file data-v1.pdb (PDB, C-alpha atoms)
ATOM      1  CA  MET A1084      -5.093 -10.211  -3.366
ATOM      2  CA  ASN A1085      -2.117 -12.510  -3.005
ATOM      3  CA  ALA A1086      -1.866 -16.020  -1.635
ATOM      4  CA  ASN A1087      -1.023 -14.680   1.796
ATOM      5  CA  SER A1088      -3.933 -12.260   1.974
ATOM      6  CA  PRO A1089      -6.832 -12.889   4.337
ATOM      7  CA  SER A1090      -9.555 -15.103   2.960
ATOM      8  CA  THR A1091     -12.880 -13.868   1.700
ATOM      9  CA  PRO A1092     -15.451 -12.388   4.075
ATOM     10  CA  GLU A1093     -17.534 -15.596   3.936
ATOM     11  CA  SER A1094     -14.722 -17.787   5.281
ATOM     12  CA  LEU A1095     -14.451 -16.110   8.687
ATOM     13  CA  PRO A1096     -17.240 -15.081  11.061
ATOM     14  CA  PRO A1097     -17.297 -11.294  11.437
ATOM     15  CA  ARG A1098     -16.284  -9.758  14.742
ATOM     16  CA  PRO A1099     -18.852  -7.690  16.600
ATOM     17  CA  ALA A1100     -18.677  -4.177  15.210
ATOM     18  CA  THR A1101     -17.782  -2.579  18.533
ATOM     19  CA  VAL A1102     -15.824   0.627  19.005
ATOM     20  CA  GLU A1103     -13.487   1.114  21.963
ATOM     21  CA  PRO A1104     -11.663   4.470  21.802
ATOM     22  CA  ASP A1105      -9.326   3.640  24.689
ATOM     23  CA  LEU A1106      -8.255   0.216  23.424
ATOM     24  CA  ASP A1107      -4.518  -0.211  23.982
ATOM     25  CA  ARG A1108      -2.244  -1.075  21.094
ATOM     26  CA  ASP A1109      -1.180  -4.436  22.513
ATOM     27  CA  THR A1110      -4.789  -5.550  22.433
ATOM     28  CA  LEU A1111      -5.219  -4.144  18.928
ATOM     29  CA  ALA A1112      -2.207  -6.107  17.738
ATOM     30  CA  GLU A1113      -3.432  -9.303  19.362
ATOM     31  CA  GLU A1114      -6.865  -8.930  17.796
ATOM     32  CA  TYR A1115      -5.495  -8.193  14.340
ATOM     33  CA  PHE A1116      -3.149 -11.176  14.364
ATOM     34  CA  GLU A1117      -6.046 -13.402  15.413
ATOM     35  CA  LEU A1118      -8.076 -12.135  12.462
ATOM     36  CA  LEU A1119      -5.463 -13.216   9.929
ATOM     37  CA  ALA A1120      -6.519 -16.324   8.033
ATOM     38  CA  TYR A1121      -2.904 -17.291   7.382
ATOM     39  CA  GLU A1122       0.312 -17.101   9.315
ATOM     40  CA  PRO A1123       2.040 -13.901   8.163
ATOM     41  CA  TYR A1124       5.322 -13.902   6.311
ATOM     42  CA  PRO A1125       8.303 -12.850   8.444
ATOM     43  CA  VAL A1126       8.453  -9.389   6.840
ATOM     44  CA  GLN A1127       4.725  -8.908   7.441
ATOM     45  CA  GLU A1128       5.041  -9.908  11.087
ATOM     46  CA  GLU A1129       8.035  -7.625  11.603
ATOM     47  CA  ALA A1130       6.234  -4.668  10.007
ATOM     48  CA  LEU A1131       3.042  -5.238  11.996
ATOM     49  CA  LEU A1132       4.924  -5.472  15.284
ATOM     50  CA  ALA A1133       6.858  -2.327  14.420
ATOM     51  CA  TYR A1134       3.610  -0.496  13.671
ATOM     52  CA  PHE A1135       1.762  -1.559  16.804
ATOM     53  CA  THR A1136       4.656  -1.193  19.259
ATOM     54  CA  GLY A1137       6.035   2.145  18.112
ATOM     55  CA  ASN A1138       5.212   5.131  20.325
ATOM     56  CA  THR A1139       4.841   8.570  18.751
ATOM     57  CA  GLN A1140       5.706  10.191  22.106
ATOM     58  CA  ARG A1141       9.061   9.612  23.747
ATOM     59  CA  THR A1142       8.814   8.478  27.350
ATOM     60  CA  GLU A1143      11.383   9.429  29.961
ATOM     61  CA  GLY A1144      14.215   6.935  29.829
ATOM     62  CA  GLY A1145      12.538   5.119  26.941
ATOM     63  CA  PRO A1146      13.404   4.727  23.273
ATOM     64  CA  ALA A1147      13.150   7.550  20.759
ATOM     65  CA  ALA A1148       9.711   8.390  19.433
ATOM     66  CA  GLN A1149       8.720   6.365  16.388
ATOM     67  CA  HIS A1150       6.365   8.004  13.918
ATOM     68  CA  GLY A1151       5.736   5.097  11.603
ATOM     69  CA  VAL A1152       7.187   2.354   9.445
ATOM     70  CA  LEU A1153       8.728   2.232   5.974
ATOM     71  CA  VAL A1154       8.161  -1.198   4.424
ATOM     72  CA  CYS A1155      10.329  -2.086   1.439
ATOM     73  CA  ALA A1156       9.476  -5.526   0.102
ATOM     74  CA  PRO A1157       9.038  -7.095  -3.350
ATOM     75  CA  THR A1158       5.721  -7.248  -5.129
ATOM     76  CA  GLY A1159       3.654 -10.193  -3.928
ATOM     77  CA  THR A1160       4.829  -9.976  -0.315
ATOM     78  CA  GLY A1161       1.399  -8.893   0.931
ATOM     79  CA  LYS A1162       1.976  -5.284   1.890
ATOM     80  CA  THR A1163      -1.775  -4.647   1.806
ATOM     81  CA  LEU A1164      -2.164  -6.963   4.785
ATOM     82  CA  ILE A1165       0.227  -4.672   6.670
ATOM     83  CA  ALA A1166      -1.648  -1.549   5.626
ATOM     84  CA  GLU A1167      -4.976  -2.997   6.730
ATOM     85  CA  ALA A1168      -3.717  -3.009  10.320
ATOM     86  CA  ALA A1169      -4.035   0.787  10.279
ATOM     87  CA  VAL A1170      -7.528   0.492   8.825
ATOM     88  CA  TYR A1171      -8.554  -1.939  11.545
ATOM     89  CA  GLU A1172      -7.134   0.345  14.228
ATOM     90  CA  ALA A1173      -9.164   3.318  13.004
ATOM     91  CA  LEU A1174     -12.419   1.368  12.785
ATOM     92  CA  ARG A1175     -11.939  -0.407  16.104
ATOM     93  CA  THR A1176     -11.105   2.767  18.042
ATOM     94  CA  GLY A1177     -13.575   5.077  16.311
ATOM     95  CA  LYS A1178     -10.813   7.250  14.843
ATOM     96  CA  ARG A1179      -9.958   8.202  11.263
ATOM     97  CA  MET A1180      -7.218   7.336   8.776
ATOM     98  CA  TYR A1181      -6.206   8.014   5.180
ATOM     99  CA  TYR A1182      -5.031   5.512   2.590
ATOM    100  CA  THR A1183      -3.254   7.344  -0.237
ATOM    101  CA  THR A1184      -2.209   6.125  -3.669
ATOM    102  CA  PRO A1185      -0.721   7.940  -6.679
ATOM    103  CA  LEU A1186      -3.314   6.584  -9.126
ATOM    104  CA  ILE A1187      -7.078   6.979  -9.380
ATOM    105  CA  ALA A1188      -7.422   3.413 -10.700
ATOM    106  CA  LEU A1189      -5.584   2.104  -7.644
ATOM    107  CA  THR A1190      -7.840   4.044  -5.284
ATOM    108  CA  ASP A1191     -10.863   2.320  -6.819
ATOM    109  CA  GLN A1192      -9.226  -1.069  -6.291
ATOM    110  CA  LYS A1193      -8.279  -0.309  -2.687
ATOM    111  CA  LEU A1194     -11.769   0.985  -1.939
ATOM    112  CA  ASP A1195     -13.237  -2.397  -2.868
ATOM    113  CA  GLU A1196     -10.575  -4.325  -0.963
ATOM    114  CA  LEU A1197     -10.874  -2.288   2.224
ATOM    115  CA  ARG A1198     -14.667  -2.408   2.195
ATOM    116  CA  GLU A1199     -14.479  -6.199   1.972
ATOM    117  CA  SER A1200     -12.078  -6.245   4.911
ATOM    118  CA  ALA A1201     -14.344  -3.955   6.947
ATOM    119  CA  VAL A1202     -17.247  -6.348   6.421
ATOM    120  CA  ARG A1203     -15.056  -9.307   7.375
ATOM    121  CA  TRP A1204     -14.229  -7.558  10.659
ATOM    122  CA  GLY A1205     -17.897  -6.848  11.381
ATOM    123  CA  PHE A1206     -18.069  -3.192  10.332
ATOM    124  CA  SER A1207     -20.209  -1.541   7.704
ATOM    125  CA  PRO A1208     -18.719  -1.094   4.232
ATOM    126  CA  ASP A1209     -19.969   2.495   4.373
ATOM    127  CA  GLN A1210     -17.249   3.227   6.916
ATOM    128  CA  VAL A1211     -14.767   3.173   4.049
ATOM    129  CA  GLY A1212     -14.965   5.975   1.498
ATOM    130  CA  LEU A1213     -13.120   7.441  -1.448
ATOM    131  CA  VAL A1214     -12.223  10.957  -2.563
ATOM    132  CA  THR A1215     -10.448  11.735  -5.840
ATOM    133  CA  GLY A1216     -10.586  14.568  -8.319
ATOM    134  CA  ASN A1217     -13.174  12.616 -10.285
ATOM    135  CA  ARG A1218     -15.642  11.349  -7.720
ATOM    136  CA  SER A1219     -16.346  10.702  -4.065
ATOM    137  CA  VAL A1220     -17.934   7.777  -2.235
ATOM    138  CA  ASN A1221     -18.906   8.189   1.431
ATOM    139  CA  PRO A1222     -16.610  11.242   1.731
ATOM    140  CA  ASP A1223     -17.312  11.550   5.480
ATOM    141  CA  ALA A1224     -16.296   7.957   6.234
ATOM    142  CA  PRO A1225     -13.637   7.441   8.936
ATOM    143  CA  VAL A1226     -11.451   5.514   6.493
ATOM    144  CA  LEU A1227     -10.787   7.426   3.281
ATOM    145  CA  VAL A1228      -8.949   6.181   0.215
ATOM    146  CA  VAL A1229      -7.601   9.223  -1.630
ATOM    147  CA  VAL A1230      -5.103  10.203  -4.267
ATOM    148  CA  ALA A1231      -2.055  11.828  -2.706
ATOM    149  CA  GLU A1232      -2.960  15.366  -3.783
ATOM    150  CA  ILE A1233      -6.260  15.218  -1.898
ATOM    151  CA  LEU A1234      -4.509  14.627   1.399
ATOM    152  CA  LEU A1235      -2.024  17.426   0.748
ATOM    153  CA  ASN A1236      -4.841  19.861  -0.068
ATOM    154  CA  ARG A1237      -6.505  19.035   3.240
ATOM    155  CA  LEU A1238      -3.280  19.579   5.157
ATOM    156  CA  LEU A1239      -2.939  22.964   3.487
ATOM    157  CA  ASN A1240      -6.457  23.892   4.672
ATOM    158  CA  PRO A1241      -6.412  23.223   8.439
ATOM    159  CA  GLU A1242      -9.434  25.497   8.970
ATOM    160  CA  ALA A1243     -11.588  23.104   6.963
ATOM    161  CA  PHE A1244      -9.997  19.756   7.797
ATOM    162  CA  GLU A1245      -8.906  18.652  11.253
ATOM    163  CA  PHE A1246      -6.394  15.891  11.945
ATOM    164  CA  ASP A1247      -6.750  15.605  15.712
ATOM    165  CA  ASP A1248      -8.506  12.230  15.469
ATOM    166  CA  VAL A1249      -6.463  10.836  12.569
ATOM    167  CA  THR A1250      -4.412   7.864  13.717
ATOM    168  CA  CYS A1251      -2.465   6.938  10.594
ATOM    169  CA  VAL A1252      -1.745   7.743   6.963
ATOM    170  CA  VAL A1253      -0.863   4.870   4.651
ATOM    171  CA  MET A1254       1.097   5.840   1.553
ATOM    172  CA  ASP A1255       0.935   3.045  -1.000
ATOM    173  CA  GLU A1256       3.375   2.958  -3.950
ATOM    174  CA  PHE A1257       5.543   5.331  -1.955
ATOM    175  CA  HIS A1258       8.345   5.309  -4.546
ATOM    176  CA  SER A1259       6.279   8.037  -6.227
ATOM    177  CA  PHE A1260       8.088  10.297  -3.757
ATOM    178  CA  ASN A1261      10.964  10.160  -6.252
ATOM    179  CA  ASP A1262       8.838  11.359  -9.171
ATOM    180  CA  TYR A1263      10.387  14.473 -10.676
ATOM    181  CA  GLU A1264       7.089  16.343 -11.071
ATOM    182  CA  ARG A1265       4.792  14.925  -8.367
ATOM    183  CA  GLY A1266       7.273  13.916  -5.679
ATOM    184  CA  VAL A1267       6.859  17.238  -3.894
ATOM    185  CA  VAL A1268       3.319  16.147  -2.962
ATOM    186  CA  TRP A1269       4.645  13.353  -0.745
ATOM    187  CA  GLU A1270       7.457  15.489   0.668
ATOM    188  CA  LEU A1271       5.127  18.312   1.693
ATOM    189  CA  THR A1272       2.620  15.853   3.126
ATOM    190  CA  LEU A1273       5.239  14.216   5.333
ATOM    191  CA  GLY A1274       6.388  17.608   6.522
ATOM    192  CA  LEU A1275       2.887  18.889   7.310
ATOM    193  CA  LEU A1276       1.456  15.828   9.038
ATOM    194  CA  PRO A1277       1.112  16.245  12.824
ATOM    195  CA  LYS A1278       3.572  14.086  14.744
ATOM    196  CA  HIS A1279       0.816  12.082  16.436
ATOM    197  CA  VAL A1280      -0.241  10.716  13.019
ATOM    198  CA  ARG A1281       1.626   7.528  12.256
ATOM    199  CA  THR A1282       2.817   6.973   8.702
ATOM    200  CA  LEU A1283       2.927   3.589   7.022
ATOM    201  CA  LEU A1284       4.913   3.852   3.788
ATOM    202  CA  LEU A1285       4.799   0.906   1.388
ATOM    203  CA  SER A1286       6.872   0.258  -1.710
ATOM    204  CA  ALA A1287       8.684  -2.448  -3.624
ATOM    205  CA  THR A1288      11.186  -0.118  -5.249
ATOM    206  CA  VAL A1289      12.691   2.317  -2.731
ATOM    207  CA  GLY A1290      16.355   1.840  -3.512
ATOM    208  CA  ASN A1291      17.854   4.270  -0.991
ATOM    209  CA  SER A1292      15.689   3.450   2.010
ATOM    210  CA  MET A1293      18.380   3.997   4.652
ATOM    211  CA  ALA A1294      19.279   7.411   3.264
ATOM    212  CA  PHE A1295      15.606   8.344   3.021
ATOM    213  CA  THR A1296      14.775   7.510   6.637
ATOM    214  CA  SER A1297      17.839   9.459   7.773
ATOM    215  CA  TRP A1298      16.827  12.471   5.670
ATOM    216  CA  LEU A1299      13.235  12.371   6.948
ATOM    217  CA  ARG A1300      14.414  12.281  10.548
ATOM    218  CA  ASN A1301      16.840  15.177  10.079
ATOM    219  CA  ALA A1302      14.665  17.339   7.828
ATOM    220  CA  HIS A1303      11.223  16.823   9.365
ATOM    221  CA  GLY A1304      11.806  15.198  12.750
ATOM    222  CA  ARG A1305       9.812  12.127  11.713
ATOM    223  CA  ASN A1306      11.457   8.908  12.836
ATOM    224  CA  LEU A1307      10.524   5.789  10.867
ATOM    225  CA  GLN A1308      11.421   2.184  11.528
ATOM    226  CA  LEU A1309      12.699   0.528   8.372
ATOM    227  CA  VAL A1310      11.470  -2.976   7.579
ATOM    228  CA  GLN A1311      12.960  -4.614   4.490
ATOM    229  CA  GLY A1312      12.235  -7.890   2.760
ATOM    230  CA  THR A1313      14.216  -9.413  -0.072
ATOM    231  CA  GLU A1314      12.453 -12.715  -0.682
ATOM    232  CA  ARG A1315      10.302 -12.585  -3.792
ATOM    233  CA  LYS A1316       7.219 -14.732  -3.271
ATOM    234  CA  VAL A1317       6.322 -14.469  -6.964
ATOM    235  CA  PRO A1318       9.557 -15.349  -8.818
ATOM    236  CA  LEU A1319      10.506 -13.593 -12.025
ATOM    237  CA  GLN A1320      12.422 -15.107 -14.908
ATOM    238  CA  TYR A1321      14.168 -13.145 -17.631
ATOM    239  CA  GLU A1322      14.952 -14.763 -20.954
ATOM    240  CA  TRP A1323      16.305 -13.429 -24.218
ATOM    241  CA  VAL A1324      14.361 -14.813 -27.166
ATOM    242  CA  GLU A1325      15.156 -15.019 -30.828
ATOM    243  CA  ASP A1326      14.342 -12.161 -33.166
ATOM    244  CA  ASP A1327      10.900 -13.378 -34.224
ATOM    245  CA  LEU A1328       7.830 -11.553 -35.362
ATOM    246  CA  LEU A1329       5.437 -11.089 -32.467
ATOM    247  CA  ASN A1330       2.763 -13.390 -33.861
ATOM    248  CA  GLU A1331       5.342 -16.162 -34.420
ATOM    249  CA  PHE A1332       6.751 -15.711 -30.917
ATOM    250  CA  CYS A1333       3.272 -15.896 -29.355
ATOM    251  CA  GLU A1334       2.646 -19.197 -31.135
ATOM    252  CA  LYS A1335       5.889 -20.617 -29.729
ATOM    253  CA  ILE A1336       5.245 -19.698 -26.101
ATOM    254  CA  SER A1337       1.706 -21.073 -26.211
ATOM    255  CA  ALA A1338       2.742 -24.433 -27.691
ATOM    256  CA  GLY A1339       3.516 -27.642 -25.806
ATOM    257  CA  ASP A1340       2.251 -29.180 -22.592
ATOM    258  CA  ASP A1341       1.868 -27.516 -19.203
ATOM    259  CA  GLU A1342       5.561 -27.902 -18.398
ATOM    260  CA  GLU A1343       6.768 -26.362 -21.648
ATOM    261  CA  ARG A1344       4.147 -23.702 -22.183
ATOM    262  CA  ARG A1345       5.085 -20.127 -21.259
ATOM    263  CA  THR A1346       2.698 -17.302 -20.443
ATOM    264  CA  ARG A1347       4.165 -13.876 -21.009
ATOM    265  CA  HIS A1348       3.787 -11.135 -18.410
ATOM    266  CA  CYS A1349       5.708  -8.396 -20.204
ATOM    267  CA  CYS A1350       6.690  -8.464 -23.839
ATOM    268  CA  PHE A1351       9.045  -5.822 -25.235
ATOM    269  CA  VAL A1352       9.049  -5.576 -29.024
ATOM    270  CA  SER A1353      10.476  -3.250 -31.622
ATOM    271  CA  VAL A1354       7.789  -1.289 -33.433
ATOM    272  CA  ASP A1355       9.922  -1.339 -36.572
ATOM    273  CA  ARG A1356       9.532  -5.130 -36.669
ATOM    274  CA  CYS A1357       5.805  -5.190 -35.989
ATOM    275  CA  ALA A1358       3.733  -6.649 -38.775
ATOM    276  CA  GLY A1359       0.457  -5.348 -40.136
ATOM    277  CA  PRO A1360      -1.739  -3.407 -37.670
ATOM    278  CA  MET A1361       0.927  -3.652 -34.974
ATOM    279  CA  ARG A1362       2.803  -0.874 -36.748
ATOM    280  CA  LYS A1363       0.049   1.490 -35.664
ATOM    281  CA  CYS A1364       0.437   0.758 -31.943
ATOM    282  CA  SER A1365       1.168   3.747 -29.749
ATOM    283  CA  LYS A1366       4.239   4.083 -27.571
ATOM    284  CA  GLY A1367       2.266   3.093 -24.475
ATOM    285  CA  ASN A1368       1.211  -0.205 -26.084
ATOM    286  CA  ARG A1369       4.557  -1.452 -27.304
TER     287      ARG A1369
END
call {"tool": "encode", "arguments": {"input": "data-v1.pdb", "output": "structure tokens"}}
result
Amino acid sequence: MNANSPSTPESLPPRPATVEPDLDRDTLAEEYFELLAYEPYPVQEEALLAYFTGNTQRTEGGPAAQHGVLVCAPTGTGKTLIAEAAVYEALRTGKRMYYTTPLIALTDQKLDELRESAVRWGFSPDQVGLVTGNRSVNPDAPVLVVVAEILLNRLLNPEAFEFDDVTCVVMDEFHSFNDYERGVVWELTLGLLPKHVRTLLLSATVGNSMAFTSWLRNAHGRNLQLVQGTERKVPLQYEWVEDDLLNEFCEKISAGDDEERRTRHCCFVSVDRCAGPMRKCSKGNR
């Protein structure tokens, strides 16, 4: 959770766990904003308003149908807070939704986070489940966290899995769409999803977002509103350091007072210059 995420379940009294299938989206938006423990960042507010105000059916004389939102914002912007709006909508209206990720480890993390949010809103944690190739937790829950392939398999088996009461699909780490081997999973999913299912696509690294939304509209008739943020809430600093052995470099960055001390986030080293046991490190640990 980031600094702009909602506070812990103990800090806010839970809402009554009531279900209202016919609740209008303006009321849903108002309720969700009231539940936020902090004022949202501008990009969060813009994305939430785009999600709640978009209509999947075009009205006569009205704007074009909007089938979801693509949120492109740096890491640390609080995109999970945006995604949880779709979770709240499903629980509050008694419908269903899917939260997809490309990684099993990330599904486990999101399961815990969404269950905490459900409790904070006054719902049972059992209303959030998980399905991966390895295990399942509450597989019949209305809110399911799944790896992307699970959702695609269900779309390919309409006799076994219905989507009539699915309100939204959240696709976290959506830049996986560009993966050479697995990207077809996201493309097929977007093409197979019924138009009434909103899509909420989240990523920090979609570089060609305008071209993508145009392609999706032309190829699959799915119109997304693009919301972009450029402000990095967690600043990054790049610095070239001297050619030291790793153990010597670690001593340098840990020395000094609080102002001088540096804590590394990523450290790129040459294996040829590693000393002792470091020479045995695998490529993934360099």
call {"tool": "atom_distance", "arguments": {"input": "data-v1.pdb", "atom1": "atom CA of Phe1260 of chain A", "atom2": "atom CA of Asp1248 of chain A"}}
result
25.5 Å
call {"tool": "atom_distance", "arguments": {"input": "data-v1.pdb", "atom1": "atom CA of Leu1111 of chain A", "atom2": "atom CA of Phe1295 of chain A"}}
result
29.0 Å
call {"tool": "atom_distance", "arguments": {"input": "data-v1.pdb", "atom1": "atom CA of Leu1329 of chain A", "atom2": "atom CA of Val1317 of chain A"}}
result
25.7 Å
call {"tool": "residues_around", "arguments": {"input": "data-v1.pdb", "residues": "segment 1226-1233 of chain A", "least_positions_apart": "2", "cutoff": "7 Å", "atoms": "all atoms listed in the file", "output": "list in words"}}
result
Val1170, Arg1179, Met1180, Tyr1181, Tyr1182, Thr1183, Thr1184, Pro1185, Leu1186, Ile1187, Thr1190, Leu1194, Gln1210, Val1211, Gly1212, Leu1213, Val1214, Thr1215, Ala1224, Leu1235, Asn1236, Arg1237 and Val1268 of chain A
call {"tool": "closest_residue", "arguments": {"input": "data-v1.pdb", "among": "A:Glu1199, A:Asp1341, A:Asp1191, A:Glu1172", "to": "Asp1109 of chain A", "atoms": "all atoms listed in the file"}}
result
A:Glu1172
call {"tool": "closest_residue", "arguments": {"input": "data-v1.pdb", "among": "A:Glu1103, A:Glu1270, A:Glu1314, A:Asp1209", "to": "Gly1161 of chain A", "atoms": "only C-alpha atoms"}}
result
A:Glu1314
call {"tool": "residues_near_point", "arguments": {"input": "data-v1.pdb", "point": "(11.7, 13.5, 8.1)", "cutoff": "12 Å", "atoms": "all atoms listed in the file", "output": "VMD selection string"}}
result
chain A and resid 1149 to 1151 1153 1269 to 1278 1282 1294 to 1308
call {"tool": "resolve_selection", "arguments": {"input": "data-v1.pdb", "expression": "the PyMOL selection byres ((chain A and resi 1167) around 12)", "output": "ChimeraX atom specification"}}
result
/A:1088-1089,1112,1115-1116,1118-1119,1127,1130-1131,1134,1161-1166,1168-1175,1180-1182,1193-1194,1196-1201,1203-1204,1211,1226,1228,1251-1255,1283,1285
call {"tool": "closest_residue", "arguments": {"input": "data-v1.pdb", "among": "A:Glu1334, A:Ala1156, A:Val1202, A:Val1267", "to": "Gly1290 of chain A", "atoms": "only C-alpha atoms"}}
result
A:Ala1156
call {"tool": "closest_residue", "arguments": {"input": "data-v1.pdb", "among": "A:Thr1176, A:Phe1246, A:Pro1123, A:Cys1155", "to": "Thr1110 of chain A", "atoms": "all atoms listed in the file"}}
result
A:Thr1176
